[in-house]
Structures are given as C-alpha cells and as structure tokens.
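Quick look at model_13.txt (compact mmCIF, C-alpha atoms):
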# COMPACT_ATOMS: atom_id res chain seq x y z
CA MET R 1 0.00 0.00 0.00
CA LEU R 2 2.80 2.41 0.97
CA CYS R 3 6.30 1.88 -0.37
CA ILE R 4 9.22 4.22 0.35
CA LYS R 5 12.50 3.59 -1.46
CA ASN R 6 15.73 5.48 -0.75
CA LEU R 7 13.88 8.58 0.48
CA THR R 8 16.21 11.50 1.13
CA LYS R 9 15.11 14.98 2.18
CA ILE R 10 17.72 17.73 2.57
CA TYR R 11 16.80 21.09 4.06
CA LYS R 12 18.56 24.37 3.35
CA GLY R 13 21.96 24.41 4.99
CA GLY R 14 22.57 20.78 4.09
CA LYS R 15 20.72 19.11 6.96
CA ARG R 16 19.59 15.62 5.96
CA ALA R 17 16.29 15.26 7.78
CA VAL R 18 15.69 11.88 6.13
CA ASP R 19 18.56 9.87 4.66
CA ASP R 20 18.06 6.87 2.32
CA LEU R 21 14.93 5.63 4.10
CA ASN R 22 13.26 2.41 2.96
CA LEU R 23 10.04 0.98 4.36
CA THR R 24 6.89 -0.81 3.26
CA VAL R 25 3.37 -0.83 4.72
CA GLU R 26 1.07 -3.50 3.35
CA ALA R 27 -2.71 -3.46 3.10
CA GLY R 28 -4.12 -4.44 6.48
CA ASP R 29 -1.11 -3.12 8.41
CA ILE R 30 -1.27 -0.74 11.34
CA CYS R 31 2.29 0.55 11.36
CA GLY R 32 3.75 2.67 14.16
CA PHE R 33 6.49 5.13 13.20
CA ILE R 34 8.72 5.79 16.21
CA GLY R 35 11.67 8.06 16.92
CA HIS R 36 12.90 10.84 19.15
CA ASN R 37 12.08 14.51 18.50
CA GLY R 38 13.83 15.59 15.31
CA ALA R 39 14.37 12.04 14.09
CA GLY R 40 12.64 12.75 10.77
CA LYS R 41 9.15 11.36 11.42
CA THR R 42 7.13 14.43 10.51
CA THR R 43 9.36 15.18 7.51
CA THR R 44 8.79 11.66 6.21
CA ILE R 45 5.05 11.95 6.73
CA LYS R 46 4.91 15.30 4.92
CA CYS R 47 6.78 13.78 1.99
CA ILE R 48 4.28 10.90 1.87
CA VAL R 49 1.23 13.17 1.77
CA GLY R 50 2.71 15.64 -0.72
CA ILE R 51 3.38 18.63 1.54
CA HIS R 52 7.16 18.38 1.12
CA ASP R 53 9.06 17.63 -2.05
CA PHE R 54 12.07 15.36 -1.61
CA ASP R 55 15.53 15.23 -3.10
CA GLN R 56 15.99 11.53 -3.84
CA GLY R 57 14.02 8.31 -3.81
CA GLU R 58 10.50 7.26 -4.57
CA ILE R 59 7.21 7.05 -2.67
CA THR R 60 4.28 5.08 -4.05
CA ILE R 61 0.76 4.57 -2.73
CA ASP R 62 -0.95 1.47 -4.06
CA GLY R 63 1.65 1.46 -6.82
CA ILE R 64 1.10 5.11 -7.81
CA SER R 65 3.99 7.59 -7.61
CA VAL R 66 3.48 10.52 -5.25
CA LYS R 67 5.70 12.65 -7.49
CA ASN R 68 4.24 11.65 -10.86
CA ASP R 69 0.55 11.53 -9.94
CA PRO R 70 0.04 13.47 -6.69
CA ILE R 71 -3.68 14.12 -7.16
CA ARG R 72 -4.49 10.45 -7.63
CA CYS R 73 -2.43 9.60 -4.55
CA LYS R 74 -4.12 12.26 -2.42
CA ALA R 75 -7.51 10.90 -3.45
CA MET R 76 -6.54 7.56 -1.89
CA LEU R 77 -5.13 8.83 1.38
CA ALA R 78 -6.11 10.89 4.39
CA TYR R 79 -3.72 12.89 6.56
CA ILE R 80 -4.21 14.15 10.10
CA PRO R 81 -1.41 16.39 11.44
CA ASP R 82 -0.57 16.68 15.11
CA ASN R 83 -2.17 20.12 15.23
CA PRO R 84 -5.02 20.31 12.70
CA ASP R 85 -5.36 23.71 11.02
CA LEU R 86 -9.08 23.92 10.29
CA TYR R 87 -11.27 26.65 8.78
CA GLU R 88 -12.49 28.23 12.00
CA TYR R 89 -15.09 30.46 10.31
CA LEU R 90 -17.01 27.34 9.23
CA THR R 91 -19.29 25.26 11.38
CA GLY R 92 -18.41 21.63 11.96
CA ILE R 93 -21.02 20.38 9.51
CA GLN R 94 -19.92 22.88 6.85
CA TYR R 95 -16.36 21.63 7.17
CA LEU R 96 -17.42 17.99 6.83
CA ASN R 97 -19.57 18.77 3.79
CA PHE R 98 -16.58 20.61 2.30
CA MET R 99 -14.43 17.51 2.80
CA ALA R 100 -17.15 15.34 1.27
CA ASP R 101 -17.29 17.66 -1.76
CA ILE R 102 -13.52 17.38 -2.26
CA PHE R 103 -13.68 13.59 -2.35
CA GLY R 104 -16.89 13.41 -4.38
CA ILE R 105 -19.07 11.74 -1.75
CA SER R 106 -22.75 11.74 -2.73
CA GLY R 107 -25.37 13.49 -0.62
CA SER R 108 -27.06 10.42 0.84
CA GLU R 109 -23.77 8.62 1.47
CA ARG R 110 -22.13 11.58 3.15
CA GLU R 111 -25.12 12.14 5.41
CA GLN R 112 -24.97 8.56 6.60
CA ARG R 113 -21.20 8.61 7.16
CA ILE R 114 -21.19 11.98 8.92
CA ARG R 115 -23.97 10.90 11.24
CA LYS R 116 -22.23 7.67 12.16
CA GLU R 117 -18.75 9.13 12.67
CA ALA R 118 -20.02 12.15 14.61
CA ASP R 119 -22.09 9.92 16.86
CA ASP R 120 -19.16 7.59 17.43
CA PHE R 121 -16.88 10.46 18.44
CA GLY R 122 -19.54 12.27 20.46
CA LEU R 123 -19.45 15.39 18.28
CA THR R 124 -22.97 15.43 16.82
CA ALA R 125 -24.32 18.11 19.17
CA ALA R 126 -21.49 20.51 18.24
CA LEU R 127 -21.65 20.19 14.44
CA GLY R 128 -23.73 23.34 14.13
CA ASP R 129 -21.22 25.42 16.11
CA LEU R 130 -18.35 27.42 14.66
CA ILE R 131 -15.05 25.54 14.70
CA SER R 132 -13.52 28.59 16.41
CA SER R 133 -15.53 27.65 19.50
CA TYR R 134 -14.15 24.10 19.59
CA SER R 135 -11.58 22.89 22.10
CA HIS R 136 -8.36 21.30 20.81
CA GLY R 137 -9.79 17.83 21.39
CA MET R 138 -12.99 18.66 19.49
CA LYS R 139 -10.96 20.00 16.56
CA GLN R 140 -8.96 16.78 16.58
CA LYS R 141 -12.16 14.74 16.45
CA LEU R 142 -13.53 16.85 13.59
CA ALA R 143 -10.29 16.41 11.63
CA ILE R 144 -10.48 12.66 12.16
CA ILE R 145 -14.08 12.50 10.95
CA GLY R 146 -13.14 14.57 7.89
CA ALA R 147 -10.28 12.19 7.16
CA LEU R 148 -12.44 9.08 7.46
CA ILE R 149 -15.32 10.36 5.34
CA HIS R 150 -13.99 8.91 2.05
CA GLU R 151 -12.78 5.65 3.62
CA PRO R 152 -9.13 6.16 2.57
CA LYS R 153 -6.89 3.34 1.42
CA LEU R 154 -4.05 4.86 3.44
CA LEU R 155 -4.58 6.76 6.68
CA VAL R 156 -1.53 8.79 7.74
CA LEU R 157 -1.47 10.39 11.19
CA ASP R 158 1.10 12.43 13.11
CA GLU R 159 0.74 11.93 16.89
CA PRO R 160 -3.01 11.23 16.55
CA PHE R 161 -3.77 10.53 20.22
CA VAL R 162 -2.51 13.88 21.57
CA GLY R 163 -5.46 15.86 22.90
CA LEU R 164 -7.99 13.04 22.63
CA ASP R 165 -9.91 11.92 25.70
CA PRO R 166 -9.78 8.18 26.53
CA SER R 167 -13.13 7.46 24.88
CA ALA R 168 -12.17 9.20 21.63
CA ALA R 169 -8.76 7.50 21.64
CA LEU R 170 -10.43 4.10 21.91
CA THR R 171 -12.85 5.02 19.13
CA LEU R 172 -9.96 6.01 16.87
CA LYS R 173 -8.18 2.71 17.55
CA ASN R 174 -11.36 0.85 16.61
CA LYS R 175 -11.65 2.91 13.42
CA MET R 176 -8.06 2.01 12.50
CA HIS R 177 -8.82 -1.68 12.90
CA ALA R 178 -12.06 -1.34 10.92
CA LEU R 179 -10.30 0.39 8.01
CA CYS R 180 -7.57 -2.24 7.89
CA SER R 181 -10.11 -5.07 7.95
CA LYS R 182 -11.40 -3.64 4.65
CA GLY R 183 -7.94 -3.69 3.07
CA SER R 184 -6.70 -0.21 3.94
CA ALA R 185 -3.49 0.57 5.85
CA VAL R 186 -2.62 2.93 8.71
CA PHE R 187 0.74 4.64 9.21
CA PHE R 188 1.16 6.87 12.24
CA SER R 189 3.87 8.46 14.35
CA THR R 190 3.69 8.34 18.12
CA HIS R 191 5.73 8.80 21.26
CA VAL R 192 3.31 6.66 23.25
CA LEU R 193 5.13 3.36 22.96
CA ASP R 194 2.70 1.24 24.96
CA VAL R 195 -0.09 2.29 22.59
CA ALA R 196 2.04 1.38 19.57
CA GLU R 197 2.95 -1.96 21.09
CA LYS R 198 -0.68 -2.92 21.69
CA LEU R 199 -2.16 -1.41 18.53
CA CYS R 200 0.40 -2.01 15.77
CA ASN R 201 1.23 -5.23 13.97
CA LYS R 202 4.28 -3.51 12.46
CA VAL R 203 6.76 -0.97 13.87
CA VAL R 204 9.39 1.22 12.21
CA ILE R 205 12.06 2.98 14.30
CA ILE R 206 13.98 5.94 12.90
CA LYS R 207 16.99 7.83 14.30
CA GLU R 208 18.55 10.95 12.79
CA GLY R 209 16.80 10.28 9.50
CA HIS R 210 17.99 6.67 9.26
CA LEU R 211 15.99 3.48 9.65
CA VAL R 212 17.37 1.56 12.64
CA ALA R 213 14.73 -1.17 13.03
CA ALA R 214 11.60 -2.40 11.26
CA GLY R 215 9.42 -5.47 11.32
CA SER R 216 6.45 -7.05 13.01
CA THR R 217 5.86 -5.90 16.55
CA GLU R 218 6.16 -9.44 17.82
CA GLU R 219 9.49 -10.02 16.08
CA LEU R 220 10.99 -6.72 17.18
CA THR R 221 10.03 -7.01 20.82
CA GLY R 222 10.77 -10.73 21.22
CA GLY R 223 9.16 -10.82 24.62
CA GLU R 224 10.58 -7.46 25.73
CA SER R 225 8.67 -4.20 25.91
CA LEU R 226 8.73 -1.91 22.89
CA GLU R 227 10.09 0.81 25.15
CA SER R 228 13.18 -1.25 26.05
CA VAL R 229 13.75 -2.19 22.41
CA PHE R 230 13.46 1.45 21.34
CA MET R 231 15.89 2.61 24.01
CA GLU R 232 18.40 0.01 22.87
CA VAL R 233 18.24 0.42 19.09
CA ALA R 234 18.00 4.22 19.29
CA GLY R 235 21.17 4.26 21.38
CA TYR R 236 19.77 5.49 24.66
CA ALA R 237 20.41 2.41 26.78
CA LYS R 238 24.14 3.06 27.03
CA ALA R 239 23.77 6.80 27.45
CA ASN R 240 21.23 6.40 30.22
CA PRO R 241 21.39 2.87 31.66
CA THR R 242 18.86 3.65 34.40
CA ALA R 243 16.12 4.67 31.91

Please rewrite the model in this file as structure tokens.
Amino acid sequence: MLCIKNLTKIYKGGKRAVDDLNLTVEAGDICGFIGHNGAGKTTTIKCIVGIHDFDQGEITIDGISVKNDPIRCKAMLAYIPDNPDLYEYLTGIQYLNFMADIFGISGSEREQRIRKEADDFGLTAALGDLISSYSHGMKQKLAIIGALIHEPKLLVLDEPFVGLDPSAALTLKNKMHALCSKGSAVFFSTHVLDVAEKLCNKVVIIKEGHLVAAGSTEELTGGESLESVFMEVAGYAKANPTA
C-alpha cells in the first residue's frame, strides 16, 4: 500500500532530515512510526502526503507515484497532522460537507457517514457550532471525521492521540482496525510506545533520518517491551542505563 525507497530529504543548509529511508506498509497493516524529536518522522510523513518535495528516492501509494501523480495519490489517502489547522469560520457540519465535496461523496452517502462518525466520536451536538468555539480535542475529532469520510486506502497520522480523551482515543483505535479489515493501511507516528505496542502489527524505528529497526511488533520485541527495544536500538540504553 505504501512503499518508500531510498527517500532523502535535505533542508537548506545541508541538513539531511531523512537519509536513504526504505520501508513498506502492506494493506491491512497498522504501522507505528517511532523516533525521538527531530528524528525525521514528521518530515517523512509530509513527503508521503505531498506537503514536502524530496531530493531523492521514490514514494508510491498502491503502486502510484506521489511525485508523478500526486492528485491520484491524495484521493486515496487521508492525513491528520498533530495540530489540525481547520477553517475556524465554518461550522463543523460545513467543514465535513466541504471535505465530502472534495472527495466526491454523494449526498445520501455523506449524510450517513457523517452521522455515524459524529455519533461515534460524540461530536454530533457541536456540528452546528463554529469551529472557532471548539476545544483542541474537538478539533482533533472533527479532523479525524473529515479524514475518514472517504474511507481512505491509506490513513496517515502524526501523533493522533494527543489531545484526545480516553473514549475518543479508543474510538480512533477501533476505526483504525475497521479500516484495515477492509484492506486499507494505517501509518502513524507516536511517542506513546505502549499504545504502539498494543495497537500495531508492524513498527518502524527511525533515528537521525535513518531506519534503525523495522518489522512485526512481535518479532521486534521478542518478549521485551517496545520501550526497552526502542531505548536500545536508538542508542539510549548506554547513554542512560537507568532509563
């Protein structure tokens, strides 16, 4: 579903934010993307979804090149940043209808999907309110609903659980599983390692723009916690043996 080959992104000044990165996410995978602050997670994600151009390598979604056919790729994916930047002068329902228009969802179908997703996330009562009146958590829920409305083949999220209450976090996890059961894939960054360990069937660990570990969660952990594995492969165990 998602294939990254030799991805390299160099910022002005020569900093290599991502350096020769290779990874694959198959249909049905929930893949956690893990690394310290500044490791290159958000840069990689922004290259995947078409926000950033990149200097070398190739990214394909369901076999389609992000560089050669970006519109077709964007039609297949959904992206939720860590801090959603929504149109605050719209109401919640206006925003969701706007998203449905972009992805060509018919009137009857969008009504059904919006009702279900809003009910599941407990946002139905606030859909008529201006987004400017929403809390951070409510904005996060609205962004998630907008992302799910076209049932994407690839759902890409950057720190998706930040700001969500426990009920909404559980709902999102269930939505991830439901999407993947239909043949989609989920790729998300997180610092919450226990969530990644329980939720993901695949984990990718990145350090200073380089891949340092990747594979099934079960294979990588081998009976240890994901936290201990991360500390070891990312080079923190020796630097801080009491961590």

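With distances restricted to all atoms listed in the file, R:Asn201 is the closest residue to R:Glu26 from R:Asn201, R:Thr171, R:Thr221, R:Thr43.
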
Atom CA of R:Cys31 and atom CA of R:Asp120, how far apart in Å?
23.4 Å

Can you work out the spacing between atom CA of R:Thr217 and atom CA of R:Met176 in Å, to one decimal?
16.5 Å

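Nearest to R:Pro160 of all the residues R:Ile80, R:Ile34, R:Leu199, R:Ala118 is R:Ile80, counting all atoms listed in the file.
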
Could you work out how far atom CA of R:Cys73 lies from atom CA of R:Asp158, giving the answer in Å with one decimal?
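Atom CA of R:Cys73 lies at a distance of 18.2 Å from atom CA of R:Asp158.
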
Residues at most 12 Å from R:Ile59, counting only C-alpha atoms, excluding those fewer than 5 positions away in the same chain, as a PyMOL selection string?
chain R and resi 1-8+20-25+44-50+52-54+64-70+73

Which protein, DNA or RNA residues are at most 12 Å from (8.5, -9.1, 18.9) in the file's coordinates when you count all atoms listed in the file, listed as a short mmCIF file (atom, residue, chain, number, x, y, z; two decimals) with C-alpha atoms, in the frame of the given file?
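Output saved as out.cif:
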data_model
loop_
_atom_site.label_atom_id
_atom_site.label_comp_id
_atom_site.auth_asym_id
_atom_site.auth_seq_id
_atom_site.Cartn_x
_atom_site.Cartn_y
_atom_site.Cartn_z
CA GLU R 197 2.95 -1.96 21.09
CA LYS R 198 -0.68 -2.92 21.69
CA CYS R 200 0.40 -2.01 15.77
CA ASN R 201 1.23 -5.23 13.97
CA LYS R 202 4.28 -3.51 12.46
CA VAL R 203 6.76 -0.97 13.87
CA ALA R 213 14.73 -1.17 13.03
CA ALA R 214 11.60 -2.40 11.26
CA GLY R 215 9.42 -5.47 11.32
CA SER R 216 6.45 -7.05 13.01
CA THR R 217 5.86 -5.90 16.55
CA GLU R 218 6.16 -9.44 17.82
CA GLU R 219 9.49 -10.02 16.08
CA LEU R 220 10.99 -6.72 17.18
CA THR R 221 10.03 -7.01 20.82
CA GLY R 222 10.77 -10.73 21.22
CA GLY R 223 9.16 -10.82 24.62
CA GLU R 224 10.58 -7.46 25.73
CA SER R 225 8.67 -4.20 25.91
CA LEU R 226 8.73 -1.91 22.89
CA GLU R 227 10.09 0.81 25.15
CA SER R 228 13.18 -1.25 26.05
CA VAL R 229 13.75 -2.19 22.41
CA PHE R 230 13.46 1.45 21.34
#

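Ranking R:Ser106, R:Thr60, R:Gln94, R:Asn83 by their shortest atom-to-atom distance to R:Asp129, with all atoms listed in the file included, puts R:Gln94 first.
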
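Closest approach to R:Gly128 from the set R:Ala143, R:Ile93, R:Ala39, R:Leu170 is made by R:Ile93, with distances taken over only C-alpha atoms.
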
Residue with smallest distance to R:Leu164 - pool R:Ile144, R:Ile71, R:Val186, R:Ala234, counting all atoms listed in the file:
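The shortest atom-to-atom distance to R:Leu164 comes from R:Ile144.
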
So that each row is one residue of stretch 51-100 of chain R with an atom at most 12 Å from stretch 133-142 of chain R, can you give its shortest atom pair and the distance in Å to one decimal, using all atoms listed in the file, rows by chain and rising number, as a tab-separated table?
residue	atom	partner	partner_atom	distance
R:Tyr79	CA	R:Gln140	CA	12.0
R:Ile80	CA	R:Gln140	CA	8.5
R:Pro81	CA	R:Gln140	CA	9.1
R:Asp82	CA	R:Gln140	CA	8.5
R:Asn83	CA	R:Gln140	CA	7.7
R:Pro84	CA	R:Gln140	CA	6.6
R:Asp85	CA	R:Lys139	CA	8.7
R:Leu86	CA	R:Lys139	CA	7.6
R:Tyr87	CA	R:Lys139	CA	10.2
R:Glu88	CA	R:Ser133	CA	8.1
R:Tyr89	CA	R:Ser133	CA	9.6
R:Leu90	CA	R:Ser133	CA	10.4
R:Thr91	CA	R:Ser133	CA	9.3
R:Gly92	CA	R:Leu142	CA	7.0
R:Ile93	CA	R:Leu142	CA	9.2
R:Gln94	CA	R:Leu142	CA	11.1
R:Tyr95	CA	R:Leu142	CA	8.5
R:Leu96	CA	R:Leu142	CA	7.9
R:Asn97	CA	R:Leu142	CA	11.7
R:Met99	CA	R:Leu142	CA	10.8

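Among the candidates R:Leu179, R:Ile149, R:Val156, R:Val233, the residue lying nearest to R:Gln112 is R:Ile149 (atoms considered: only C-alpha atoms).
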
Enclose the full set of atoms of stretch 89-95 of chain R listed in the file within a box whose edges lie along x, y and z, apply 4 Å of padding to each of the six sides, and report centre and edge lengths in Å to one decimal as lines of an AutoDock Vina configuration file.
center_x = -18.1
center_y = 25.4
center_z = 9.4
size_x = 13.9
size_y = 18.1
size_z = 13.1
